[in-house]
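Engineer: Below is the file upload11.txt, which contains compact mmCIF, C-alpha atoms and all ligand atoms.
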# COMPACT_ATOMS: atom_id res chain seq x y z
CA MET A 1 71.45 3.59 34.96
CA HIS A 2 69.02 2.95 37.83
CA THR A 3 69.18 -0.60 39.07
CA ALA A 4 66.13 -0.52 41.34
CA PHE A 5 63.82 -0.99 38.36
CA ASP A 6 64.05 -3.87 35.92
CA PHE A 7 63.17 -2.56 32.50
CA ASP A 8 65.05 -5.45 30.88
CA ARG A 9 62.49 -7.99 32.10
CA ARG A 10 60.40 -9.41 29.27
CA ILE A 11 56.75 -9.82 30.20
CA GLU A 12 54.55 -12.03 28.02
CA ARG A 13 51.73 -9.82 26.75
CA ARG A 14 50.17 -12.16 24.21
CA ASN A 15 46.62 -13.24 25.07
CA THR A 16 46.12 -10.33 27.44
CA ALA A 17 43.59 -8.53 25.20
CA SER A 18 46.40 -6.16 24.15
CA ILE A 19 45.94 -4.31 20.85
CA LYS A 20 49.67 -4.21 20.37
CA TRP A 21 50.32 -7.90 21.00
CA ASP A 22 47.08 -9.63 20.03
CA TYR A 23 46.10 -7.88 16.80
CA TYR A 24 48.59 -9.62 14.53
CA PRO A 25 49.42 -13.35 14.36
CA ALA A 26 51.74 -14.54 17.13
CA ASP A 27 54.85 -14.78 14.93
CA ILE A 28 54.79 -11.03 14.30
CA LEU A 29 56.77 -8.92 16.73
CA PRO A 30 54.84 -5.73 17.51
CA ALA A 31 56.56 -2.33 17.61
CA TRP A 32 53.54 -0.28 16.64
CA VAL A 33 50.75 0.95 19.05
CA ALA A 34 52.09 3.51 21.54
CA ASP A 35 52.17 1.61 24.77
CA MET A 36 55.28 0.19 26.42
CA ASP A 37 56.13 -3.38 27.37
CA PHE A 38 57.00 -2.46 30.97
CA ALA A 39 54.98 -3.13 34.12
CA ALA A 40 53.62 -0.02 35.80
CA PRO A 41 55.51 1.31 38.86
CA GLU A 42 55.10 -0.70 42.06
CA PRO A 43 53.19 2.09 43.90
CA VAL A 44 50.60 1.98 41.11
CA LEU A 45 50.29 -1.80 41.37
CA ALA A 46 49.96 -1.57 45.16
CA ALA A 47 47.24 1.09 44.93
CA LEU A 48 45.32 -1.02 42.41
CA ARG A 49 45.63 -4.15 44.57
CA ALA A 50 44.31 -2.28 47.60
CA ARG A 51 41.39 -0.91 45.59
CA ILE A 52 40.58 -4.37 44.18
CA ASP A 53 40.70 -5.86 47.68
CA HIS A 54 38.14 -3.34 48.81
CA GLY A 55 35.81 -5.24 46.52
CA VAL A 56 33.16 -2.63 45.81
CA PHE A 57 33.30 -0.95 42.42
CA GLY A 58 30.43 1.51 42.30
CA TYR A 59 30.43 4.85 40.51
CA GLY A 60 33.48 6.99 41.12
CA LEU A 61 34.35 10.59 41.82
CA PRO A 62 37.72 12.16 40.99
CA PRO A 63 39.64 12.09 44.30
CA ALA A 64 40.37 15.55 45.71
CA GLU A 65 43.94 14.42 46.34
CA LEU A 66 44.43 13.68 42.65
CA ARG A 67 43.43 17.24 41.78
CA GLU A 68 45.85 18.57 44.42
CA VAL A 69 48.70 16.37 43.24
CA ILE A 70 48.21 17.52 39.64
CA VAL A 71 48.01 21.19 40.64
CA ALA A 72 51.24 20.85 42.65
CA ARG A 73 52.94 18.93 39.84
CA LEU A 74 52.16 21.56 37.20
CA ALA A 75 53.46 24.28 39.52
CA ARG A 76 56.63 22.32 40.26
CA LEU A 77 57.44 21.23 36.72
CA TYR A 78 56.33 24.24 34.72
CA ASP A 79 55.72 27.06 37.19
CA TRP A 80 52.15 26.84 35.89
CA HIS A 81 49.70 27.79 38.62
CA ILE A 82 46.21 26.48 38.17
CA ALA A 83 43.28 25.82 40.51
CA PRO A 84 41.78 22.35 41.14
CA GLU A 85 38.45 23.30 39.57
CA MET A 86 40.17 23.95 36.23
CA LEU A 87 40.63 20.19 35.80
CA THR A 88 38.14 17.98 33.96
CA PHE A 89 38.73 14.22 34.01
CA MET A 90 38.02 11.97 31.04
CA PRO A 91 38.80 8.44 29.87
CA GLY A 92 41.22 9.68 27.21
CA VAL A 93 43.01 12.46 25.40
CA VAL A 94 41.39 11.41 22.10
CA PRO A 95 37.90 12.10 23.51
CA GLY A 96 39.41 15.33 24.85
CA PHE A 97 40.40 16.82 21.50
CA ASN A 98 37.22 15.55 19.87
CA LEU A 99 35.22 17.31 22.59
CA ALA A 100 37.23 20.47 21.95
CA CYS A 101 36.19 20.26 18.27
CA LYS A 102 32.55 19.72 19.22
CA ALA A 103 32.57 22.52 21.80
CA LEU A 104 34.42 25.17 19.84
CA ALA A 105 33.68 24.76 16.12
CA GLN A 106 30.53 24.48 14.04
CA PRO A 107 30.29 22.15 11.02
CA GLY A 108 31.93 23.83 8.04
CA GLU A 109 34.44 25.73 10.18
CA GLY A 110 38.15 25.06 10.02
CA LEU A 111 40.47 22.92 12.16
CA LEU A 112 44.18 23.61 11.86
CA ILE A 113 46.66 20.74 12.32
CA GLN A 114 50.33 20.07 11.52
CA THR A 115 51.05 16.97 9.47
CA PRO A 116 52.23 14.25 9.62
CA VAL A 117 50.38 13.80 12.90
CA TYR A 118 48.88 11.18 15.25
CA HIS A 119 46.04 9.78 13.14
CA PRO A 120 43.10 10.55 15.47
CA ILE A 121 44.17 14.23 15.23
CA LEU A 122 44.42 13.85 11.45
CA HIS A 123 40.84 12.52 11.34
CA ALA A 124 39.26 14.73 14.00
CA ALA A 125 37.94 17.26 11.46
CA GLN A 126 35.85 14.69 9.63
CA ASN A 127 34.29 13.45 12.89
CA HIS A 128 32.72 16.88 13.33
CA GLY A 129 32.09 18.04 9.77
CA LEU A 130 34.98 20.50 10.01
CA GLU A 131 37.30 21.57 7.23
CA ARG A 132 40.73 20.05 7.78
CA GLN A 133 43.36 22.75 7.37
CA ALA A 134 46.62 20.81 7.38
CA VAL A 135 49.97 22.60 7.40
CA PRO A 136 52.89 20.26 6.77
CA LEU A 137 55.79 20.42 9.19
CA VAL A 138 58.99 21.22 7.33
CA ARG A 139 61.48 18.42 6.99
CA ARG A 140 65.03 19.74 7.30
CA SER A 141 68.07 18.27 5.53
CA ASP A 142 69.09 16.32 8.67
CA GLY A 143 65.65 14.70 8.79
CA SER A 144 64.37 16.72 11.76
CA TYR A 145 61.21 18.79 11.55
CA GLY A 146 60.46 22.47 12.01
CA ILE A 147 57.63 24.91 11.47
CA ASP A 148 57.14 27.22 8.50
CA PHE A 149 55.33 30.02 10.31
CA ASP A 150 54.32 31.78 7.09
CA ALA A 151 52.66 28.59 5.85
CA PHE A 152 51.08 28.16 9.28
CA GLU A 153 49.51 31.60 9.08
CA VAL A 154 48.52 31.30 5.42
CA ALA A 155 46.60 28.10 6.20
CA ILE A 156 44.34 30.05 8.57
CA THR A 157 41.16 31.35 6.96
CA LYS A 158 38.08 33.19 8.16
CA ARG A 159 36.54 29.79 8.88
CA SER A 160 39.39 28.59 11.14
CA ARG A 161 38.32 28.17 14.76
CA LEU A 162 40.69 25.76 16.45
CA PHE A 163 44.28 24.57 16.26
CA ILE A 164 45.15 21.13 17.64
CA LEU A 165 48.78 21.14 18.66
CA CYS A 166 50.60 17.89 19.37
CA ASN A 167 53.54 18.58 21.69
CA PRO A 168 55.72 16.56 22.08
CA HIS A 169 54.91 15.65 18.54
CA ASN A 170 53.82 12.18 17.51
CA PRO A 171 55.17 10.85 15.16
CA VAL A 172 58.13 13.17 14.43
CA GLY A 173 59.43 13.31 18.01
CA ARG A 174 59.85 17.07 18.28
CA VAL A 175 59.63 18.84 21.63
CA PHE A 176 58.73 22.34 20.54
CA THR A 177 60.81 25.19 21.96
CA GLU A 178 59.46 28.16 23.85
CA LYS A 179 60.10 30.33 20.80
CA GLU A 180 58.18 28.00 18.49
CA LEU A 181 55.28 27.70 20.93
CA ALA A 182 55.13 31.45 21.50
CA ARG A 183 55.04 32.14 17.76
CA MET A 184 52.31 29.55 17.12
CA ALA A 185 50.27 30.97 20.00
CA GLU A 186 50.77 34.51 18.78
CA ILE A 187 49.51 33.63 15.31
CA CYS A 188 46.53 31.69 16.69
CA LEU A 189 45.53 34.47 19.04
CA SER A 190 45.86 37.13 16.37
CA HIS A 191 43.32 35.17 14.30
CA ASN A 192 41.05 34.46 17.29
CA LEU A 193 41.69 30.71 17.16
CA TYR A 194 41.34 28.47 20.17
CA ILE A 195 44.18 26.05 20.90
CA CYS A 196 43.78 22.47 22.02
CA SER A 197 47.19 21.18 23.08
CA ASP A 198 47.68 17.42 23.24
CA GLU A 199 50.55 17.03 25.73
CA ILE A 200 50.10 13.33 26.49
CA HIS A 201 53.81 12.70 25.84
CA GLY A 202 54.88 15.70 27.92
CA ASP A 203 56.71 13.66 30.58
CA LEU A 204 58.72 11.73 28.00
CA ILE A 205 61.47 14.21 27.28
CA PHE A 206 65.15 13.43 26.67
CA SER A 207 68.27 15.24 27.90
CA GLY A 208 68.75 18.72 26.60
CA GLN A 209 65.01 19.32 26.07
CA ARG A 210 62.30 20.73 28.26
CA HIS A 211 58.55 20.36 27.94
CA LEU A 212 56.56 23.57 28.16
CA PRO A 213 52.77 23.58 28.21
CA ILE A 214 51.81 26.21 25.65
CA ALA A 215 49.17 27.56 28.05
CA ALA A 216 51.86 28.19 30.66
CA LEU A 217 53.56 30.77 28.45
CA ALA A 218 51.11 33.60 29.16
CA PRO A 219 47.68 34.13 30.74
CA GLU A 220 46.20 35.33 27.46
CA ILE A 221 47.26 32.04 25.81
CA ALA A 222 45.88 30.02 28.73
CA ALA A 223 42.55 31.83 28.32
CA ARG A 224 42.18 30.41 24.78
CA THR A 225 43.65 26.97 25.41
CA ILE A 226 42.45 23.51 26.39
CA THR A 227 45.46 21.47 27.54
CA LEU A 228 45.15 17.68 27.52
CA MET A 229 47.43 15.63 29.75
CA ALA A 230 47.52 12.13 31.21
CA PRO A 231 49.70 9.71 33.17
CA SER A 232 48.88 7.02 30.59
CA LYS A 233 51.98 7.21 28.38
CA SER A 234 54.40 8.20 31.14
CA TYR A 235 53.53 5.33 33.49
CA ASN A 236 52.23 2.86 30.90
CA ILE A 237 48.67 2.79 32.21
CA ALA A 238 46.77 3.74 29.03
CA GLY A 239 44.38 0.79 29.43
CA LEU A 240 43.19 2.22 32.75
CA GLU A 241 41.82 5.25 30.92
CA CYS A 242 42.36 8.33 33.03
CA SER A 243 43.27 11.66 31.49
CA PHE A 244 42.39 15.27 32.12
CA ALA A 245 41.88 18.65 30.53
CA VAL A 246 43.19 21.85 32.05
CA ILE A 247 40.91 24.74 31.11
CA PRO A 248 41.62 27.93 33.05
CA ASP A 249 38.94 30.06 31.37
CA PRO A 250 35.53 29.48 33.03
CA GLU A 251 33.50 30.06 29.86
CA LEU A 252 35.67 27.74 27.78
CA ARG A 253 35.48 25.15 30.54
CA GLN A 254 31.71 25.39 30.62
CA ARG A 255 31.50 24.91 26.84
CA PHE A 256 33.80 21.89 27.01
CA ARG A 257 31.79 20.31 29.82
CA ALA A 258 28.51 21.00 28.02
CA ALA A 259 29.87 19.23 24.93
CA ARG A 260 30.62 16.09 26.89
CA ALA A 261 27.24 15.90 28.62
CA GLY A 262 25.65 12.49 28.15
CA LEU A 263 28.47 11.31 25.88
CA VAL A 264 31.85 11.21 27.55
CA PRO A 265 32.08 10.08 31.17
CA SER A 266 34.65 11.01 33.75
CA ALA A 267 37.45 8.48 34.28
CA ASN A 268 36.94 5.18 36.15
CA ILE A 269 37.80 4.30 39.73
CA LEU A 270 40.85 2.16 38.94
CA GLY A 271 42.17 4.86 36.61
CA TYR A 272 41.92 7.43 39.41
CA GLU A 273 43.80 5.17 41.82
CA ALA A 274 46.54 4.50 39.29
CA ALA A 275 46.86 8.16 38.26
CA LEU A 276 47.11 9.32 41.86
CA ALA A 277 49.71 6.72 42.83
CA ALA A 278 51.74 7.40 39.68
CA TYR A 279 51.84 11.16 40.08
CA ARG A 280 52.30 11.05 43.88
CA ASP A 281 54.76 8.16 44.22
CA GLY A 282 56.13 7.45 40.73
CA ASP A 283 58.85 10.06 40.21
CA ALA A 284 61.84 7.76 40.78
CA TRP A 285 60.40 5.16 38.40
CA LEU A 286 59.74 7.80 35.74
CA GLU A 287 63.27 9.13 36.03
CA ALA A 288 64.69 5.64 35.62
CA LEU A 289 62.34 4.96 32.71
CA LEU A 290 63.56 8.09 30.92
CA GLY A 291 67.15 6.90 31.30
CA TYR A 292 66.21 3.52 29.83
CA LEU A 293 64.23 5.01 26.95
CA GLU A 294 67.01 7.44 26.11
CA ALA A 295 69.52 4.60 26.02
CA ASN A 296 67.16 2.68 23.70
CA ARG A 297 66.81 5.73 21.50
CA ASP A 298 70.59 6.13 21.31
CA TYR A 299 71.04 2.43 20.59
CA LEU A 300 68.55 2.59 17.72
CA GLN A 301 70.08 5.80 16.38
CA ALA A 302 73.57 4.31 16.49
CA ALA A 303 72.34 1.20 14.68
CA VAL A 304 70.67 3.27 11.96
CA ASP A 305 73.69 5.56 11.61
CA ALA A 306 75.99 2.54 11.33
CA GLY A 307 73.92 1.24 8.41
CA ALA A 308 72.19 -1.65 10.20
CA LEU A 309 69.07 -0.76 8.21
CA PRO A 310 70.56 -0.04 4.78
CA GLY A 311 69.03 3.09 3.23
CA VAL A 312 66.94 4.00 6.28
CA ARG A 313 67.39 7.36 8.03
CA MET A 314 66.18 8.60 11.37
CA ALA A 315 66.12 11.99 13.05
CA THR A 316 66.82 11.71 16.77
CA PRO A 317 63.55 12.01 18.69
CA GLU A 318 63.69 14.71 21.38
CA GLY A 319 60.84 13.09 23.30
CA THR A 320 58.28 10.21 23.17
CA TYR A 321 59.32 6.57 22.70
CA LEU A 322 58.58 6.70 19.00
CA ALA A 323 61.11 6.85 16.19
CA TRP A 324 60.23 8.11 12.74
CA LEU A 325 62.17 6.21 10.11
CA ASP A 326 62.53 7.38 6.54
CA CYS A 327 62.70 4.26 4.36
CA ARG A 328 62.72 5.96 0.97
CA GLY A 329 66.48 5.63 0.66
CA ALA A 330 65.92 1.88 0.84
CA GLY A 331 63.66 2.15 -2.19
CA ILE A 332 60.46 1.86 -0.15
CA PHE A 333 58.15 4.67 -1.16
CA ASP A 334 54.80 3.27 -0.12
CA GLN A 335 53.27 0.71 2.26
CA ALA A 336 56.44 0.51 4.28
CA GLY A 337 54.48 -1.01 7.17
CA ASP A 338 53.27 -3.89 5.02
CA PHE A 339 56.79 -4.41 3.73
CA PHE A 340 58.21 -5.04 7.20
CA ILE A 341 55.30 -7.23 8.26
CA GLU A 342 55.59 -9.35 5.14
CA HIS A 343 59.37 -9.64 4.90
CA GLY A 344 60.46 -9.19 8.53
CA ARG A 345 57.47 -10.31 10.62
CA VAL A 346 57.73 -7.06 12.56
CA ALA A 347 54.78 -4.66 12.91
CA LEU A 348 55.51 -0.93 12.72
CA ASN A 349 53.03 1.86 12.01
CA ASP A 350 52.93 2.75 8.33
CA GLY A 351 53.87 6.42 8.03
CA ALA A 352 51.03 7.19 5.62
CA MET A 353 48.49 6.72 8.40
CA PHE A 354 49.76 10.01 9.84
CA GLY A 355 49.24 11.89 6.57
CA GLU A 356 50.51 11.89 2.98
CA GLU A 357 53.90 13.25 4.09
CA GLY A 358 54.45 9.97 5.94
CA ARG A 359 54.43 7.80 2.82
CA GLY A 360 57.67 5.78 2.76
CA PHE A 361 58.16 6.17 6.54
CA VAL A 362 57.46 3.89 9.49
CA ARG A 363 57.01 4.70 13.17
CA LEU A 364 58.88 2.41 15.54
CA ASN A 365 57.99 2.08 19.24
CA PHE A 366 61.16 1.63 21.30
CA GLY A 367 59.36 1.52 24.66
CA CYS A 368 60.41 -2.06 25.25
CA PRO A 369 63.18 -4.14 26.82
CA ARG A 370 66.48 -3.71 24.96
CA SER A 371 66.46 -7.36 23.91
CA LEU A 372 63.17 -6.79 22.08
CA LEU A 373 64.50 -3.66 20.41
CA GLU A 374 67.48 -5.67 19.20
CA GLU A 375 65.08 -8.23 17.77
CA ILE A 376 63.00 -5.53 16.08
CA ILE A 377 66.13 -4.13 14.41
CA ARG A 378 67.29 -7.63 13.39
CA ARG A 379 63.94 -8.37 11.77
CA MET A 380 63.90 -5.06 9.92
CA GLN A 381 67.45 -5.70 8.78
CA ALA A 382 66.55 -9.17 7.55
CA ALA A 383 63.63 -7.73 5.57
CA LEU A 384 65.82 -5.09 3.93
CA ASN A 385 68.61 -7.54 3.17
CA ALA A 386 66.22 -10.10 1.70
CA ARG A 387 64.91 -7.38 -0.57
CA HIS A 388 68.38 -6.36 -1.76
CA SER A 389 69.20 -9.93 -2.64
CA LEU A 390 65.99 -10.42 -4.67
C1 LIG B 1 49.58 12.32 20.63
C2 LIG B 1 48.66 11.31 21.25
N1 LIG B 1 47.49 11.71 21.75
C3 LIG B 1 46.63 10.85 22.33
C4 LIG B 1 46.92 9.49 22.40
C5 LIG B 1 45.97 8.54 23.03
O1 LIG B 1 45.25 9.15 24.01
P1 LIG B 1 44.18 8.36 24.88
O2 LIG B 1 44.54 6.92 24.90
O3 LIG B 1 44.30 9.03 26.21
O4 LIG B 1 42.86 8.64 24.24
C6 LIG B 1 48.15 9.05 21.89
C7 LIG B 1 48.45 7.61 21.91
O5 LIG B 1 49.27 7.14 21.20
C8 LIG B 1 49.03 9.98 21.30
O6 LIG B 1 50.19 9.58 20.80
The structure in this file should be written as structure tokens.
Ligand SMILES: Cc1ncc(COP(=O)(O)O)c(C=O)c1O
Structural biologist:
Amino acid sequence: MHTAFDFDRRIERRNTASIKWDYYPADILPAWVADMDFAAPEPVLAALRARIDHGVFGYGLPPAELREVIVARLARLYDWHIAPEMLTFMPGVVPGFNLACKALAQPGEGLLIQTPVYHPILHAAQNHGLERQAVPLVRRSDGSYGIDFDAFEVAITKRSRLFILCNPHNPVGRVFTEKELARMAEICLSHNLYICSDEIHGDLIFSGQRHLPIAALAPEIAARTITLMAPSKSYNIAGLECSFAVIPDPELRQRFRAARAGLVPSANILGYEAALAAYRDGDAWLEALLGYLEANRDYLQAAVDAGALPGVRMATPEGTYLAWLDCRGAGIFDQAGDFFIEHGRVALNDGAMFGEEGRGFVRLNFGCPRSLLEEIIRRMQAALNARHSL
């Protein structure tokens, strides 16, 4: 493992206006909201310091260099060749897929999603008066998830306009393969659907997997797709609020920009600085981070497989720093999140918030120093053991 970066260091985050650390009482250890407990890479901190020292914080403009760095990065990582003007900056990916709904579907039309899924995707349809057309992912016998393409196609109706894809998938941790992506795209295009692809976790991929932007598969897919990306998860700078949409098709881009007018601003000046420094100078840090996260994932998996959490099962996440734990074998069929808060003083996301299929599951965030992960597991174990001895 890389020694130049200290991911073991515990940084006090309480009383820093952190959702993750300040929402619950101080005796509850948080492993819920998807940010990590690591400091951002040093080049990001240096860029922010320099910008702060400048002292003037007027309205910003996306730096041309940021556009160039993103264009070069997409070409290098995915052989995806875009032009700088195809980028639209925004404060977040959540505003991005909501804008896609607003731009591309009329009230009463259909929005296709795959459940369980990140809750703002689950609830996007109702924000815009759309019909939610949810297709469950298929849970295989080993606990991993796949796609039933027949069900996917059957869920599409004449009203369907847009499919929001989440890849890598939160919460189930899948990194969809080229074959899966191509088939989903083929079905969407054959029914004239647009695709909005949330790829916010696209840098967080473990060995043996490869992230592929769905739009990079073919020009005809790119022409119907809004791709949402950000440095926020990868470099732990979500609070700086800088993300972007890649929209190659000029007409689609125009509709998306029209939908945001007067409502959703561009990103802010500190976010631009951080994004640029992260993408330009943060590769070594990201590589080391991935090694650390993968070791955390393997540690958690080994603990679960060894029975540290009696009755709980976990499918190995292929990407993200989120683990999806099935607690039904421990006799917990509902309100699993409340159970662990009450009996273990550890806060996980209750699976049901990601859809009905998540009832009896919890989502655990392992983007933290190993010592914290050990404590999270200990607290969960204590909760389960206390229950067995009741
Ligand atoms: C799949 C997914 N999309 C979007 C977000 C948040 O995006 P943003 O903070 O850029 O709005 C998250 C955060 O957890 C996420 O997991």
Engineer: Please build the interface table for segment 152-253 of chain A against segment 143-148 of chain A with a cut-off of 8 Å, listing for each qualifying residue the nearest atom pair and the distance in Å to one decimal; count only C-alpha atoms, order rows by chain and increasing number, and write it as a tab-separated table.
Structural biologist:
residue	atom	partner	partner_atom	distance
A:Phe152	CA	A:Asp148	CA	6.2
A:Val172	CA	A:Tyr145	CA	7.0
A:Arg174	CA	A:Tyr145	CA	7.1
A:Glu180	CA	A:Ile147	CA	7.7
Engineer: Mind pulling up the distance from atom CA of Ile195 of chain A to atom CA of Gly358 of chain A?
Structural biologist: 24.2 Å
Engineer: Mind checking which residues fall within 10 Å of Gly202 of chain A, counting all atoms listed in the file, ignoring those fewer than 3 positions away in the same chain, and posting them as a compact mmCIF listing (two decimals) with C-alpha atoms, in the coordinates of the input?
Structural biologist:
# COMPACT_ATOMS: atom_id res chain seq x y z
CA CYS A 166 50.60 17.89 19.37
CA ASN A 167 53.54 18.58 21.69
CA PRO A 168 55.72 16.56 22.08
CA HIS A 169 54.91 15.65 18.54
CA VAL A 175 59.63 18.84 21.63
CA ASP A 198 47.68 17.42 23.24
CA GLU A 199 50.55 17.03 25.73
CA ILE A 205 61.47 14.21 27.28
CA ARG A 210 62.30 20.73 28.26
CA HIS A 211 58.55 20.36 27.94
CA LEU A 212 56.56 23.57 28.16
CA PRO A 213 52.77 23.58 28.21
CA LEU A 228 45.15 17.68 27.52
CA MET A 229 47.43 15.63 29.75
CA ALA A 230 47.52 12.13 31.21
CA PRO A 231 49.70 9.71 33.17
CA LYS A 233 51.98 7.21 28.38
CA SER A 234 54.40 8.20 31.14
CA GLY A 319 60.84 13.09 23.30
CA THR A 320 58.28 10.21 23.17
Engineer: Can you tell me which residues come within 10 Å of ligand LIG 1 (chain B) when counting only C-alpha atoms and all ligand atoms, ideally as JSON, numbers by chain?
Structural biologist: {"A": [32, 33, 34, 35, 90, 91, 92, 93, 94, 95, 96, 97, 98, 117, 118, 119, 120, 121, 165, 166, 167, 168, 169, 170, 171, 197, 198, 199, 200, 201, 202, 228, 229, 230, 231, 232, 233, 237, 238, 239, 240, 241, 242, 243, 244, 320, 321, 322]}
Engineer: With C-alpha atoms retained, could you export that selection as a compact mmCIF listing (two decimals), in the frame of the given file?
Structural biologist:
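The result, written out as selection_37.txt:
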# COMPACT_ATOMS: atom_id res chain seq x y z
CA TRP A 32 53.54 -0.28 16.64
CA VAL A 33 50.75 0.95 19.05
CA ALA A 34 52.09 3.51 21.54
CA ASP A 35 52.17 1.61 24.77
CA MET A 90 38.02 11.97 31.04
CA PRO A 91 38.80 8.44 29.87
CA GLY A 92 41.22 9.68 27.21
CA VAL A 93 43.01 12.46 25.40
CA VAL A 94 41.39 11.41 22.10
CA PRO A 95 37.90 12.10 23.51
CA GLY A 96 39.41 15.33 24.85
CA PHE A 97 40.40 16.82 21.50
CA ASN A 98 37.22 15.55 19.87
CA VAL A 117 50.38 13.80 12.90
CA TYR A 118 48.88 11.18 15.25
CA HIS A 119 46.04 9.78 13.14
CA PRO A 120 43.10 10.55 15.47
CA ILE A 121 44.17 14.23 15.23
CA LEU A 165 48.78 21.14 18.66
CA CYS A 166 50.60 17.89 19.37
CA ASN A 167 53.54 18.58 21.69
CA PRO A 168 55.72 16.56 22.08
CA HIS A 169 54.91 15.65 18.54
CA ASN A 170 53.82 12.18 17.51
CA PRO A 171 55.17 10.85 15.16
CA SER A 197 47.19 21.18 23.08
CA ASP A 198 47.68 17.42 23.24
CA GLU A 199 50.55 17.03 25.73
CA ILE A 200 50.10 13.33 26.49
CA HIS A 201 53.81 12.70 25.84
CA GLY A 202 54.88 15.70 27.92
CA LEU A 228 45.15 17.68 27.52
CA MET A 229 47.43 15.63 29.75
CA ALA A 230 47.52 12.13 31.21
CA PRO A 231 49.70 9.71 33.17
CA SER A 232 48.88 7.02 30.59
CA LYS A 233 51.98 7.21 28.38
CA ILE A 237 48.67 2.79 32.21
CA ALA A 238 46.77 3.74 29.03
CA GLY A 239 44.38 0.79 29.43
CA LEU A 240 43.19 2.22 32.75
CA GLU A 241 41.82 5.25 30.92
CA CYS A 242 42.36 8.33 33.03
CA SER A 243 43.27 11.66 31.49
CA PHE A 244 42.39 15.27 32.12
CA THR A 320 58.28 10.21 23.17
CA TYR A 321 59.32 6.57 22.70
CA LEU A 322 58.58 6.70 19.00
Engineer: Between A:Pro63, A:Pro30, A:Gly173, A:Pro310, which one has atoms that come closest to Ile376 of chain A, using all atoms listed in the file?
Structural biologist: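 Nearest to Ile376 of chain A: A:Pro30.
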Engineer: Residues proximal to (68.2, 8.4, -1.2) were defined as those with any atom within 7 Å of that point in the file's coordinates, counting all atoms listed in the file. Which are they, as an NGL selection string?
Structural biologist: :A and (311 or 328-329)
Engineer: Hey, can you spit out that residue selection with C-alpha atoms as a compact mmCIF listing (two decimals), in the coordinates of the input?
Structural biologist:
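Saved as out.txt:
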# COMPACT_ATOMS: atom_id res chain seq x y z
CA GLY A 311 69.03 3.09 3.23
CA ARG A 328 62.72 5.96 0.97
CA GLY A 329 66.48 5.63 0.66
Engineer: Sort by chain and increasing residue number a table of all residues of segment 257-365 of chain A within 12 Å of segment 7-27 of chain A, each with its closest pair of atoms and their distance in Å to one decimal, counting all atoms listed in the file, and write it as a tab-separated table.
Structural biologist:
residue	atom	partner	partner_atom	distance
A:Trp285	CA	A:Phe7	CA	10.1
A:Leu286	CA	A:Phe7	CA	11.4
A:Ala288	CA	A:Phe7	CA	8.9
A:Leu289	CA	A:Phe7	CA	7.6
A:Leu290	CA	A:Phe7	CA	10.8
A:Gly291	CA	A:Phe7	CA	10.3
A:Tyr292	CA	A:Phe7	CA	7.3
A:Leu293	CA	A:Phe7	CA	9.4
A:Ala295	CA	A:Phe7	CA	11.6
A:Asn296	CA	A:Phe7	CA	11.0
A:Ile341	CA	A:Tyr24	CA	9.5
A:Glu342	CA	A:Asp27	CA	11.2
A:Gly344	CA	A:Asp27	CA	10.2
A:Arg345	CA	A:Asp27	CA	6.7
A:Val346	CA	A:Asp27	CA	8.6
A:Ala347	CA	A:Tyr24	CA	8.1
A:Leu348	CA	A:Lys20	CA	10.2
A:Asn349	CA	A:Lys20	CA	10.9
A:Asn365	CA	A:Lys20	CA	10.5
Engineer: Would you work out the distance separating atom CA of Arg379 of chain A from atom CA of Ala303 of chain A, expressed in Å to one decimal?
Structural biologist: 13.1 Å
Engineer: Show me, as a VMD selection string, the residues that have an atom within 12 Å of Glu251 of chain A when counting only C-alpha atoms, minus same-chain residues fewer than 5 positions from it.
Structural biologist: chain A and resid 86 103 to 104 223 to 226 256 to 258
Engineer: In the coordinates of the file, take the point (53.9, -3.0, 34.2) and a cut-off of 9 Å; then, counting only C-alpha atoms, name each qualifying protein, DNA or RNA residue as a compact mmCIF listing (two decimals) with C-alpha atoms, keeping the file's coordinate frame.
Structural biologist:
# COMPACT_ATOMS: atom_id res chain seq x y z
CA ILE A 11 56.75 -9.82 30.20
CA MET A 36 55.28 0.19 26.42
CA ASP A 37 56.13 -3.38 27.37
CA PHE A 38 57.00 -2.46 30.97
CA ALA A 39 54.98 -3.13 34.12
CA ALA A 40 53.62 -0.02 35.80
CA PRO A 41 55.51 1.31 38.86
CA GLU A 42 55.10 -0.70 42.06
CA LEU A 45 50.29 -1.80 41.37
CA TYR A 235 53.53 5.33 33.49
CA ASN A 236 52.23 2.86 30.90
CA ILE A 237 48.67 2.79 32.21
Engineer: In terms of the shortest atom-to-atom distance over all atoms listed in the file, which of A:Leu181, A:Ala284, A:Ala277, A:Leu309 is closest to Ala4 of chain A?
Structural biologist: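 Ranked by minimum distance to Ala4 of chain A, first place goes to A:Ala284.
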Engineer: Provide the atom CA of Ile247 of chain A to atom CA of Ala83 of chain A distance in Å, to one decimal place.
Structural biologist: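 These atoms are spaced 9.8 Å apart.
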Engineer: Which residue gives the smallest distance to Tyr78 of chain A among A:Val56, A:Arg297, A:Asp203, A:Phe361, with all atoms listed in the file counted?
Structural biologist: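 Of A:Val56, A:Arg297, A:Asp203, A:Phe361, the one nearest Tyr78 of chain A, counting all atoms listed in the file, is A:Asp203.
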Engineer: Just the residues within 12 Å of Glu153 of chain A, please, counting only C-alpha atoms, with nothing from its chain fewer than 3 positions along; format it as a PyMOL selection string.
Structural biologist: chain A and resi 112-114+133-135+147-150+156-158+160+163+183-191+193
Engineer: Rank nothing, just name the residue among A:Leu137, A:Ala50, A:Val312, A:Leu61 nearest to Asn268 of chain A, using all atoms listed in the file.
Structural biologist: A:Leu61
